[in-house]
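So this one's target04.pdb, PDB, C-alpha atoms:
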ATOM      1  CA  MET A 212     -13.615   1.406   1.568
ATOM      2  CA  VAL A 213     -10.017   0.486   0.807
ATOM      3  CA  TYR A 214      -8.044   2.477  -1.766
ATOM      4  CA  LEU A 215      -4.989   1.371  -3.696
ATOM      5  CA  PHE A 216      -3.145   4.206  -5.402
ATOM      6  CA  LEU A 217      -1.417   3.411  -8.686
ATOM      7  CA  ALA A 218       1.249   5.639 -10.225
ATOM      8  CA  ASN A 219       3.379   5.439 -13.345
ATOM      9  CA  GLY A 220       6.556   3.507 -12.600
ATOM     10  CA  LEU A 221       5.057   1.339  -9.854
ATOM     11  CA  GLU A 222       6.221  -2.202  -9.184
ATOM     12  CA  GLU A 223       3.329  -4.101 -10.749
ATOM     13  CA  ILE A 224       3.320  -7.156  -8.462
ATOM     14  CA  GLU A 225       3.313  -4.969  -5.336
ATOM     15  CA  ALA A 226      -0.010  -3.513  -6.490
ATOM     16  CA  LEU A 227      -1.731  -6.434  -8.184
ATOM     17  CA  LEU A 228      -0.945  -9.279  -5.787
ATOM     18  CA  PRO A 229      -2.305  -7.517  -2.664
ATOM     19  CA  LEU A 230      -5.285  -6.279  -4.703
ATOM     20  CA  ASP A 231      -6.110  -9.815  -5.815
ATOM     21  CA  LEU A 232      -5.763 -11.247  -2.304
ATOM     22  CA  LEU A 233      -7.946  -8.559  -0.755
ATOM     23  CA  ARG A 234     -10.695  -9.035  -3.320
ATOM     24  CA  ARG A 235     -10.558 -12.816  -2.833
ATOM     25  CA  GLY A 236     -11.045 -12.092   0.866
ATOM     26  CA  GLY A 237     -14.175 -10.057   0.226
ATOM     27  CA  VAL A 238     -12.625  -6.617   0.655
ATOM     28  CA  GLU A 239     -13.963  -3.900  -1.611
ATOM     29  CA  VAL A 240     -10.898  -2.162  -3.050
ATOM     30  CA  THR A 241     -10.950   0.809  -5.405
ATOM     31  CA  THR A 242      -7.856   1.544  -7.459
ATOM     32  CA  LEU A 243      -7.015   5.162  -8.248
ATOM     33  CA  ALA A 244      -4.621   6.296 -10.964
ATOM     34  CA  VAL A 245      -2.298   9.152 -10.046
ATOM     35  CA  GLY A 246      -1.362  11.502 -12.854
ATOM     36  CA  GLY A 247      -4.488  12.497 -14.722
ATOM     37  CA  SER A 248      -5.297   9.273 -16.549
ATOM     38  CA  ASP A 249      -7.380   6.160 -15.964
ATOM     39  CA  PHE A 250      -4.380   3.866 -16.321
ATOM     40  CA  VAL A 251      -0.718   3.707 -15.366
ATOM     41  CA  VAL A 252       2.309   1.983 -16.841
ATOM     42  CA  GLY A 253       4.428   0.039 -14.388
ATOM     43  CA  SER A 254       8.206  -0.016 -14.132
ATOM     44  CA  HIS A 255       8.262  -3.107 -16.371
ATOM     45  CA  GLY A 256       6.015  -1.703 -19.076
ATOM     46  CA  ILE A 257       2.776  -3.345 -17.955
ATOM     47  CA  ARG A 258      -0.272  -1.143 -18.463
ATOM     48  CA  ILE A 259      -2.751  -1.281 -15.578
ATOM     49  CA  GLY A 260      -6.246   0.199 -15.713
ATOM     50  CA  ALA A 261      -7.585   1.888 -12.592
ATOM     51  CA  ASP A 262     -11.148   2.041 -11.338
ATOM     52  CA  LEU A 263     -10.962   5.839 -11.036
ATOM     53  CA  PRO A 264      -8.607   8.749 -11.610
ATOM     54  CA  GLU A 265      -7.226  10.138  -8.343
ATOM     55  CA  GLU A 266      -9.271  13.343  -8.691
ATOM     56  CA  LEU A 267     -12.419  11.378  -7.818
ATOM     57  CA  PHE A 268     -11.177  10.379  -4.350
ATOM     58  CA  ARG A 269     -13.686  11.788  -1.849
ATOM     59  CA  ASP A 270     -13.705   9.442   1.166
ATOM     60  CA  SER A 271     -13.296  11.193   4.518
ATOM     61  CA  ALA A 272     -12.858   7.930   6.460
ATOM     62  CA  PRO A 273     -11.060   5.276   4.373
ATOM     63  CA  GLU A 274     -10.674   1.845   5.917
ATOM     64  CA  ALA A 275      -7.176   1.617   4.405
ATOM     65  CA  ILE A 276      -4.812   3.282   1.956
ATOM     66  CA  ILE A 277      -2.309   1.067   0.111
ATOM     67  CA  LEU A 278       0.794   2.395  -1.639
ATOM     68  CA  PRO A 279       2.846   0.080  -3.876
ATOM     69  CA  GLY A 280       6.522   0.819  -4.402
ATOM     70  CA  GLY A 281       8.732   0.830  -7.428
ATOM     71  CA  MET A 282      10.512   3.749  -8.995
ATOM     72  CA  PRO A 283       9.581   6.283 -10.048
ATOM     73  CA  GLY A 284       6.141   5.112  -8.868
ATOM     74  CA  ALA A 285       6.785   5.895  -5.201
ATOM     75  CA  LYS A 286       8.080   9.363  -6.125
ATOM     76  CA  ASN A 287       4.930   9.961  -8.154
ATOM     77  CA  LEU A 288       2.787   8.930  -5.168
ATOM     78  CA  ASP A 289       4.828  11.234  -2.929
ATOM     79  CA  ALA A 290       4.163  14.189  -5.263
ATOM     80  CA  SER A 291       0.381  13.646  -5.331
ATOM     81  CA  LYS A 292      -1.771  16.046  -3.289
ATOM     82  CA  THR A 293      -4.587  13.500  -3.485
ATOM     83  CA  VAL A 294      -2.420  10.788  -1.916
ATOM     84  CA  SER A 295      -1.465  13.223   0.868
ATOM     85  CA  ALA A 296      -5.129  14.089   1.502
ATOM     86  CA  ALA A 297      -6.125  10.407   1.462
ATOM     87  CA  LEU A 298      -3.409   9.526   3.980
ATOM     88  CA  ARG A 299      -4.523  12.382   6.286
ATOM     89  CA  ALA A 300      -8.157  11.252   6.098
ATOM     90  CA  CYS A 301      -7.231   7.630   6.708
ATOM     91  CA  GLU A 302      -4.965   8.400   9.662
ATOM     92  CA  LYS A 303      -7.561  10.725  11.205
ATOM     93  CA  SER A 304     -10.253   8.042  10.966
ATOM     94  CA  GLY A 305      -8.003   5.295  12.376
ATOM     95  CA  GLY A 306      -7.664   3.402   9.098
ATOM     96  CA  LEU A 307      -4.685   1.363   7.962
ATOM     97  CA  LEU A 308      -1.726   3.018   6.229
ATOM     98  CA  CYS A 309       0.008   0.379   4.096
ATOM     99  CA  ALA A 310       3.147   0.756   1.979
ATOM    100  CA  ILE A 311       5.644  -1.622   0.405
ATOM    101  CA  CYS A 312       9.169  -1.370  -1.027
ATOM    102  CA  ALA A 313      10.135   2.293  -1.599
ATOM    103  CA  ALA A 314       6.637   3.607  -0.753
ATOM    104  CA  PRO A 315       7.094   3.617   3.053
ATOM    105  CA  PHE A 316       9.153   6.769   2.485
ATOM    106  CA  VAL A 317       5.870   8.489   1.543
ATOM    107  CA  LEU A 318       4.594   7.673   5.042
ATOM    108  CA  GLY A 319       7.913   8.576   6.668
ATOM    109  CA  ARG A 320       8.095  12.009   5.064
ATOM    110  CA  ARG A 321       4.667  12.831   6.465
ATOM    111  CA  GLY A 322       5.426  11.698  10.023
ATOM    112  CA  TYR A 323       3.192   8.617  10.058
ATOM    113  CA  LEU A 324       6.064   6.308  11.040
ATOM    114  CA  ALA A 325       7.255   8.240  14.111
ATOM    115  CA  GLY A 326       7.760   5.720  16.895
ATOM    116  CA  LYS A 327       6.486   2.857  14.736
ATOM    117  CA  GLU A 328       8.348  -0.270  13.718
ATOM    118  CA  ALA A 329       8.687  -0.174   9.927
ATOM    119  CA  ILE A 330      10.621  -1.637   7.010
ATOM    120  CA  CYS A 331      11.306  -0.577   3.419
ATOM    121  CA  TYR A 332      13.426  -1.474   0.427
ATOM    122  CA  PRO A 333      17.133  -1.132   1.286
ATOM    123  CA  GLY A 334      18.403   2.388   0.680
ATOM    124  CA  PHE A 335      15.229   4.231   1.729
ATOM    125  CA  GLU A 336      15.698   3.844   5.485
ATOM    126  CA  GLY A 337      16.808   7.468   5.862
ATOM    127  CA  GLU A 338      13.377   8.602   4.663
ATOM    128  CA  LEU A 339      11.482   6.683   7.372
ATOM    129  CA  THR A 340      11.526   9.677   9.708
ATOM    130  CA  GLY A 341      11.181   8.633  13.344
ATOM    131  CA  ALA A 342      10.627   4.946  12.581
ATOM    132  CA  VAL A 343      12.127   2.067  14.495
ATOM    133  CA  LEU A 344      13.706   0.082  11.658
ATOM    134  CA  SER A 345      12.600  -3.529  11.619
ATOM    135  CA  GLN A 346      14.453  -6.638  10.531
ATOM    136  CA  LYS A 347      11.163  -8.269   9.532
ATOM    137  CA  LYS A 348      10.143  -8.379   5.869
ATOM    138  CA  VAL A 349       6.537  -7.389   6.679
ATOM    139  CA  VAL A 350       5.638  -5.535   9.849
ATOM    140  CA  ARG A 351       2.441  -4.229  11.391
ATOM    141  CA  ASP A 352       2.653  -1.646  14.145
ATOM    142  CA  GLY A 353      -0.759  -0.338  15.116
ATOM    143  CA  ASN A 354      -2.414   1.124  12.044
ATOM    144  CA  VAL A 355       0.718   0.946   9.869
ATOM    145  CA  ILE A 356       1.749  -2.024   7.708
ATOM    146  CA  THR A 357       5.033  -1.845   5.784
ATOM    147  CA  ALA A 358       6.923  -4.381   3.701
ATOM    148  CA  ALA A 359      10.410  -4.679   2.223
ATOM    149  CA  GLY A 360       9.692  -5.358  -1.443
ATOM    150  CA  MET A 361       8.181  -7.407  -4.239
ATOM    151  CA  GLY A 362       9.431 -10.721  -2.847
ATOM    152  CA  VAL A 363       7.062 -10.359   0.105
ATOM    153  CA  ALA A 364       4.059  -8.889  -1.741
ATOM    154  CA  MET A 365       1.968 -11.954  -0.877
ATOM    155  CA  GLU A 366       2.769 -11.691   2.822
ATOM    156  CA  PHE A 367       2.047  -7.953   2.658
ATOM    157  CA  GLY A 368      -1.360  -8.557   1.078
ATOM    158  CA  LEU A 369      -2.221 -11.301   3.554
ATOM    159  CA  GLU A 370      -1.213  -9.085   6.493
ATOM    160  CA  ILE A 371      -3.507  -6.327   5.226
ATOM    161  CA  LEU A 372      -6.312  -8.859   4.740
ATOM    162  CA  ALA A 373      -5.813 -10.229   8.271
ATOM    163  CA  ALA A 374      -5.926  -6.703   9.698
ATOM    164  CA  LEU A 375      -9.119  -5.866   7.790
ATOM    165  CA  ARG A 376     -11.082  -9.124   7.881
ATOM    166  CA  GLY A 377      -9.362 -11.344  10.452
ATOM    167  CA  LYS A 378      -6.690 -14.010  10.470
ATOM    168  CA  GLU A 379      -9.193 -16.729   9.596
ATOM    169  CA  THR A 380     -10.084 -14.996   6.338
ATOM    170  CA  ALA A 381      -6.416 -14.480   5.496
ATOM    171  CA  GLU A 382      -5.673 -18.159   6.196
ATOM    172  CA  ARG A 383      -8.632 -19.258   4.070
ATOM    173  CA  VAL A 384      -7.431 -17.172   1.128
ATOM    174  CA  LYS A 385      -3.856 -18.364   1.613
ATOM    175  CA  LYS A 386      -4.992 -22.004   1.495
ATOM    176  CA  SER A 387      -7.236 -21.391  -1.511
ATOM    177  CA  ILE A 388      -4.257 -20.232  -3.585
ATOM    178  CA  LEU A 389      -2.138 -23.160  -2.373
ATOM    179  CA  ALA A 390       0.295 -20.871  -0.551
ATOM    180  CA  GLY A 391       0.300 -22.808   2.665
TER
END
What does this structure look like when you write it as structure tokens?
Amino acid sequence: MVYLFLANGLEEIEALLPLDLLRRGGVEVTTLAVGGSDFVVGSHGIRIGADLPEELFRDSAPEAIILPGGMPGAKNLDASKTVSAALRACEKSGGLLCAICAAPFVLGRRGYLAGKEAICYPGFEGELTGAVLSQKKVVRDGNVITAAGMGVAMEFGLEILAALRGKETAERVKKSILAG
């Protein structure tokens, strides 16, 4: 199972565009709301309903964890004990750790980027502890996928889809939405 954590103050497109692409590609994704509710409000005032509140996360071997950026959304993800537990479970099981915009700092603070090529929104580089900073807008290094920001949310989602279901599936979805 793939889990996308949503937190108040997230960048809406960084959550919804990858979610849409993954579901179009046949990936089962569950969204979890951080903060004790079944919905969040994004940084631009858009209310987003989640499948479950974070407290119901129980998977000991997630296929992937996805963290959208935005502020204060990324800070809210960073403060969540459930997000920390989910990342530990995912890393232990060899799943994908995916973060975009400011959210890669959540991975960096926990040591998941040590020795990995990674990218984030400008200004958060100092939080990517041990990472090799990339010049790419979206980068995959082993089980970690990071992206620079909202402008590359589609590429981020397609990279996750390719990693989970193959490049052919990602290309099929990309063509179906007239993106290339």
Picked residues, the PyMOL selection byres ((chain A and resi 338) around 9), as number ranges by chain: A: 315-320, 334-337, 339-341
Close residues, Leu307 in chain A itself excluded, 12 Å, only C-alpha atoms, min 3 positions apart in chain, as a PyMOL selection string: chain A and resi 212-215+272-278+297-304+310+318+323+351-357+370-375
Answer key for the PyMOL selection byres ((chain A and resi 254-263) around 12), residues as a PyMOL selection string: chain A and resi 214-227+230+239-253+264-269+279-285
Only C-alpha atoms, please: the residues just picked out, written as a PDB file, in the frame of the given file.
ATOM      1  CA  TYR A 214      -8.044   2.477  -1.766  1.00  0.00           C
ATOM      2  CA  LEU A 215      -4.989   1.371  -3.696  1.00  0.00           C
ATOM      3  CA  PHE A 216      -3.145   4.206  -5.402  1.00  0.00           C
ATOM      4  CA  LEU A 217      -1.417   3.411  -8.686  1.00  0.00           C
ATOM      5  CA  ALA A 218       1.249   5.639 -10.225  1.00  0.00           C
ATOM      6  CA  ASN A 219       3.379   5.439 -13.345  1.00  0.00           C
ATOM      7  CA  GLY A 220       6.556   3.507 -12.600  1.00  0.00           C
ATOM      8  CA  LEU A 221       5.057   1.339  -9.854  1.00  0.00           C
ATOM      9  CA  GLU A 222       6.221  -2.202  -9.184  1.00  0.00           C
ATOM     10  CA  GLU A 223       3.329  -4.101 -10.749  1.00  0.00           C
ATOM     11  CA  ILE A 224       3.320  -7.156  -8.462  1.00  0.00           C
ATOM     12  CA  GLU A 225       3.313  -4.969  -5.336  1.00  0.00           C
ATOM     13  CA  ALA A 226      -0.010  -3.513  -6.490  1.00  0.00           C
ATOM     14  CA  LEU A 227      -1.731  -6.434  -8.184  1.00  0.00           C
ATOM     15  CA  LEU A 230      -5.285  -6.279  -4.703  1.00  0.00           C
ATOM     16  CA  GLU A 239     -13.963  -3.900  -1.611  1.00  0.00           C
ATOM     17  CA  VAL A 240     -10.898  -2.162  -3.050  1.00  0.00           C
ATOM     18  CA  THR A 241     -10.950   0.809  -5.405  1.00  0.00           C
ATOM     19  CA  THR A 242      -7.856   1.544  -7.459  1.00  0.00           C
ATOM     20  CA  LEU A 243      -7.015   5.162  -8.248  1.00  0.00           C
ATOM     21  CA  ALA A 244      -4.621   6.296 -10.964  1.00  0.00           C
ATOM     22  CA  VAL A 245      -2.298   9.152 -10.046  1.00  0.00           C
ATOM     23  CA  GLY A 246      -1.362  11.502 -12.854  1.00  0.00           C
ATOM     24  CA  GLY A 247      -4.488  12.497 -14.722  1.00  0.00           C
ATOM     25  CA  SER A 248      -5.297   9.273 -16.549  1.00  0.00           C
ATOM     26  CA  ASP A 249      -7.380   6.160 -15.964  1.00  0.00           C
ATOM     27  CA  PHE A 250      -4.380   3.866 -16.321  1.00  0.00           C
ATOM     28  CA  VAL A 251      -0.718   3.707 -15.366  1.00  0.00           C
ATOM     29  CA  VAL A 252       2.309   1.983 -16.841  1.00  0.00           C
ATOM     30  CA  GLY A 253       4.428   0.039 -14.388  1.00  0.00           C
ATOM     31  CA  PRO A 264      -8.607   8.749 -11.610  1.00  0.00           C
ATOM     32  CA  GLU A 265      -7.226  10.138  -8.343  1.00  0.00           C
ATOM     33  CA  GLU A 266      -9.271  13.343  -8.691  1.00  0.00           C
ATOM     34  CA  LEU A 267     -12.419  11.378  -7.818  1.00  0.00           C
ATOM     35  CA  PHE A 268     -11.177  10.379  -4.350  1.00  0.00           C
ATOM     36  CA  ARG A 269     -13.686  11.788  -1.849  1.00  0.00           C
ATOM     37  CA  PRO A 279       2.846   0.080  -3.876  1.00  0.00           C
ATOM     38  CA  GLY A 280       6.522   0.819  -4.402  1.00  0.00           C
ATOM     39  CA  GLY A 281       8.732   0.830  -7.428  1.00  0.00           C
ATOM     40  CA  MET A 282      10.512   3.749  -8.995  1.00  0.00           C
ATOM     41  CA  PRO A 283       9.581   6.283 -10.048  1.00  0.00           C
ATOM     42  CA  GLY A 284       6.141   5.112  -8.868  1.00  0.00           C
ATOM     43  CA  ALA A 285       6.785   5.895  -5.201  1.00  0.00           C
TER      44      ALA A 285
END
Can you sort out the box for range 259-266 of chain A, edges along x, y and z, all listed atoms in, 3 Å on every side, with centre and edge lengths in Å to one decimal, as AutoDock Vina command-line options?
--center_x -6.9 --center_y 6.0 --center_z -12.0 --size_x 14.4 --size_y 20.6 --size_z 13.4
Selection under test: the PyMOL selection byres ((chain A and resi 368) around 7); residues as a list in words: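 With the shown file as input, the PyMOL selection byres ((chain A and resi 368) around 7) matches Leu228, Pro229, Leu232, Leu233, Ala364, Met365, Glu366, Phe367, Leu369, Glu370, Ile371 and Leu372 of chain A.
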Separation of CA of Ser271 in chain A from CA of Val294 in chain A in Å: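 Interatomic distance, CA of Val294 in chain A to CA of Ser271 in chain A: 12.6 Å.
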Coordinates-based distance that separates CA of Arg376 in chain A from CA of Gly237 in chain A (Å, one decimal): 8.3 Å
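Going from CA of Ala314 in chain A to CA of Asp231 in chain A covers 19.2 Å.
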Pick from A:Cys312, A:Ala296, A:Val384, A:Leu344 nearest to Glu328 in chain A, counting only C-alpha atoms: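 Among the listed residues, A:Leu344 lies closest to Glu328 in chain A.
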Residue with smallest distance to Asp270 in chain A - pool A:Ala358, A:Lys348, A:Gly306, A:Thr380, counting all atoms listed in the file: A:Gly306
